[in-house]
Amino acid sequence: MSRNATMTTENAEAMAIRVLSWLLSNPELLPTFLGTTGASESDLRQRLSDAEFLASVLDFLTSDDSWLKKCCDALELEYEAPMNARRLLPGGASVHWT
């Protein structure tokens, strides 16, 4: 996504699917993702259209700076792009406590 493009929910979901594909190609990180999210390998195919599951993919990626950088470098994304995408998926709205 270019710097000037507006992020949409559809773009956010597409990005999460790209991140998931990257995770699937990473045999060292995939077991950590599955263990952290509780997803099974069959869930990965069945839940591709589930916005909440896609949000969990981005939550996982953005929980570790080194994973985020490796993924963004591989996918040619700006480092803030996954977090921007995450904000558009379920549960991603900023919480204001005041």
# chains A, B, ... in the order shown; residues from 1 in each chain; ligands from 1
>>> residues_around(residues="range 18-33 of chain A", least_positions_apart="4", cutoff="7 Å", atoms="only C-alpha atoms", output="PyMOL selection string")
chain A and resi 14+37+57+60+71
>>> write_last_selection(atoms="all heavy atoms", output="PDB file, in the first residue's frame")
ATOM      1  N   ALA A  14      -6.924  -7.787   3.517  1.00  0.00           N
ATOM      2  CA  ALA A  14      -5.971  -8.300   2.531  1.00  0.00           C
ATOM      3  C   ALA A  14      -4.556  -8.312   3.099  1.00  0.00           C
ATOM      4  O   ALA A  14      -3.792  -9.261   2.883  1.00  0.00           O
ATOM      5  CB  ALA A  14      -6.039  -7.474   1.252  1.00  0.00           C
ATOM      6  N   THR A  37      -2.415 -18.136  19.502  1.00  0.00           N
ATOM      7  CA  THR A  37      -3.803 -17.838  19.125  1.00  0.00           C
ATOM      8  C   THR A  37      -4.765 -18.982  19.417  1.00  0.00           C
ATOM      9  O   THR A  37      -5.972 -18.781  19.434  1.00  0.00           O
ATOM     10  CB  THR A  37      -3.899 -17.515  17.616  1.00  0.00           C
ATOM     11  OG1 THR A  37      -3.477 -18.662  16.873  1.00  0.00           O
ATOM     12  CG2 THR A  37      -3.072 -16.305  17.260  1.00  0.00           C
ATOM     13  N   VAL A  57      -4.236 -12.238  13.696  1.00  0.00           N
ATOM     14  CA  VAL A  57      -2.982 -12.366  12.938  1.00  0.00           C
ATOM     15  C   VAL A  57      -2.157 -11.089  13.110  1.00  0.00           C
ATOM     16  O   VAL A  57      -0.956 -11.144  13.400  1.00  0.00           O
ATOM     17  CB  VAL A  57      -3.273 -12.645  11.447  1.00  0.00           C
ATOM     18  CG1 VAL A  57      -2.005 -12.550  10.611  1.00  0.00           C
ATOM     19  CG2 VAL A  57      -3.948 -14.005  11.272  1.00  0.00           C
ATOM     20  N   PHE A  60      -0.842 -10.656  16.695  1.00  0.00           N
ATOM     21  CA  PHE A  60       0.342 -11.483  16.912  1.00  0.00           C
ATOM     22  C   PHE A  60       1.572 -10.821  16.314  1.00  0.00           C
ATOM     23  O   PHE A  60       2.596 -10.671  16.982  1.00  0.00           O
ATOM     24  CB  PHE A  60       0.133 -12.873  16.298  1.00  0.00           C
ATOM     25  CG  PHE A  60       1.336 -13.751  16.404  1.00  0.00           C
ATOM     26  CD1 PHE A  60       1.643 -14.386  17.586  1.00  0.00           C
ATOM     27  CD2 PHE A  60       2.178 -13.920  15.310  1.00  0.00           C
ATOM     28  CE1 PHE A  60       2.779 -15.185  17.693  1.00  0.00           C
ATOM     29  CE2 PHE A  60       3.304 -14.708  15.400  1.00  0.00           C
ATOM     30  CZ  PHE A  60       3.608 -15.352  16.603  1.00  0.00           C
ATOM     31  N   CYS A  71       8.651  -9.264   8.766  1.00  0.00           N
ATOM     32  CA  CYS A  71       7.485  -9.429   7.901  1.00  0.00           C
ATOM     33  C   CYS A  71       7.339  -8.238   6.961  1.00  0.00           C
ATOM     34  O   CYS A  71       7.155  -8.418   5.755  1.00  0.00           O
ATOM     35  CB  CYS A  71       6.230  -9.606   8.749  1.00  0.00           C
ATOM     36  SG  CYS A  71       4.726  -9.804   7.775  1.00  0.00           S
TER      37      CYS A  71
END
>>> residues_around(residues="Ile17 in chain A", least_positions_apart="5", cutoff="12 Å", atoms="only C-alpha atoms", output="list of chain:residue names")
A:Glu10, A:Asn11, A:Ala12, A:Trp22, A:Leu23, A:Leu24, A:Leu44, A:Arg45, A:Arg47, A:Leu48, A:Ser49, A:Asp50, A:Ala51, A:Phe53, A:Leu54, A:Ala55, A:Ser56, A:Val57, A:Leu58, A:Leu75, A:Pro82, A:Ala85
>>> residues_around(residues="Asp65 in chain A", least_positions_apart="4", cutoff="12 Å", atoms="only C-alpha atoms", output="PyMOL selection string")
chain A and resi 59-61+69-73+79-80+82-83
>>> select_by_dssp(residues="chain A", states="helix (DSSP H, G or I)", output="PyMOL selection string")
chain A and resi 9-24+30-37+41-46+51-62+65-75+81-87
>>> closest_residue(among="A:Ser66, A:Gly91, A:Glu52, A:Asn84", to="Thr8 in chain A", atoms="only C-alpha atoms")
A:Asn84
>>> atom_distance(atom1="CA of Ser63 in chain A", atom2="CA of Ala81 in chain A")
13.9 Å
>>> atom_distance(atom1="CA of Glu13 in chain A", atom2="CA of Gly92 in chain A")
12.6 Å
>>> atom_distance(atom1="CA of Pro90 in chain A", atom2="CA of Glu76 in chain A")
24.6 Å
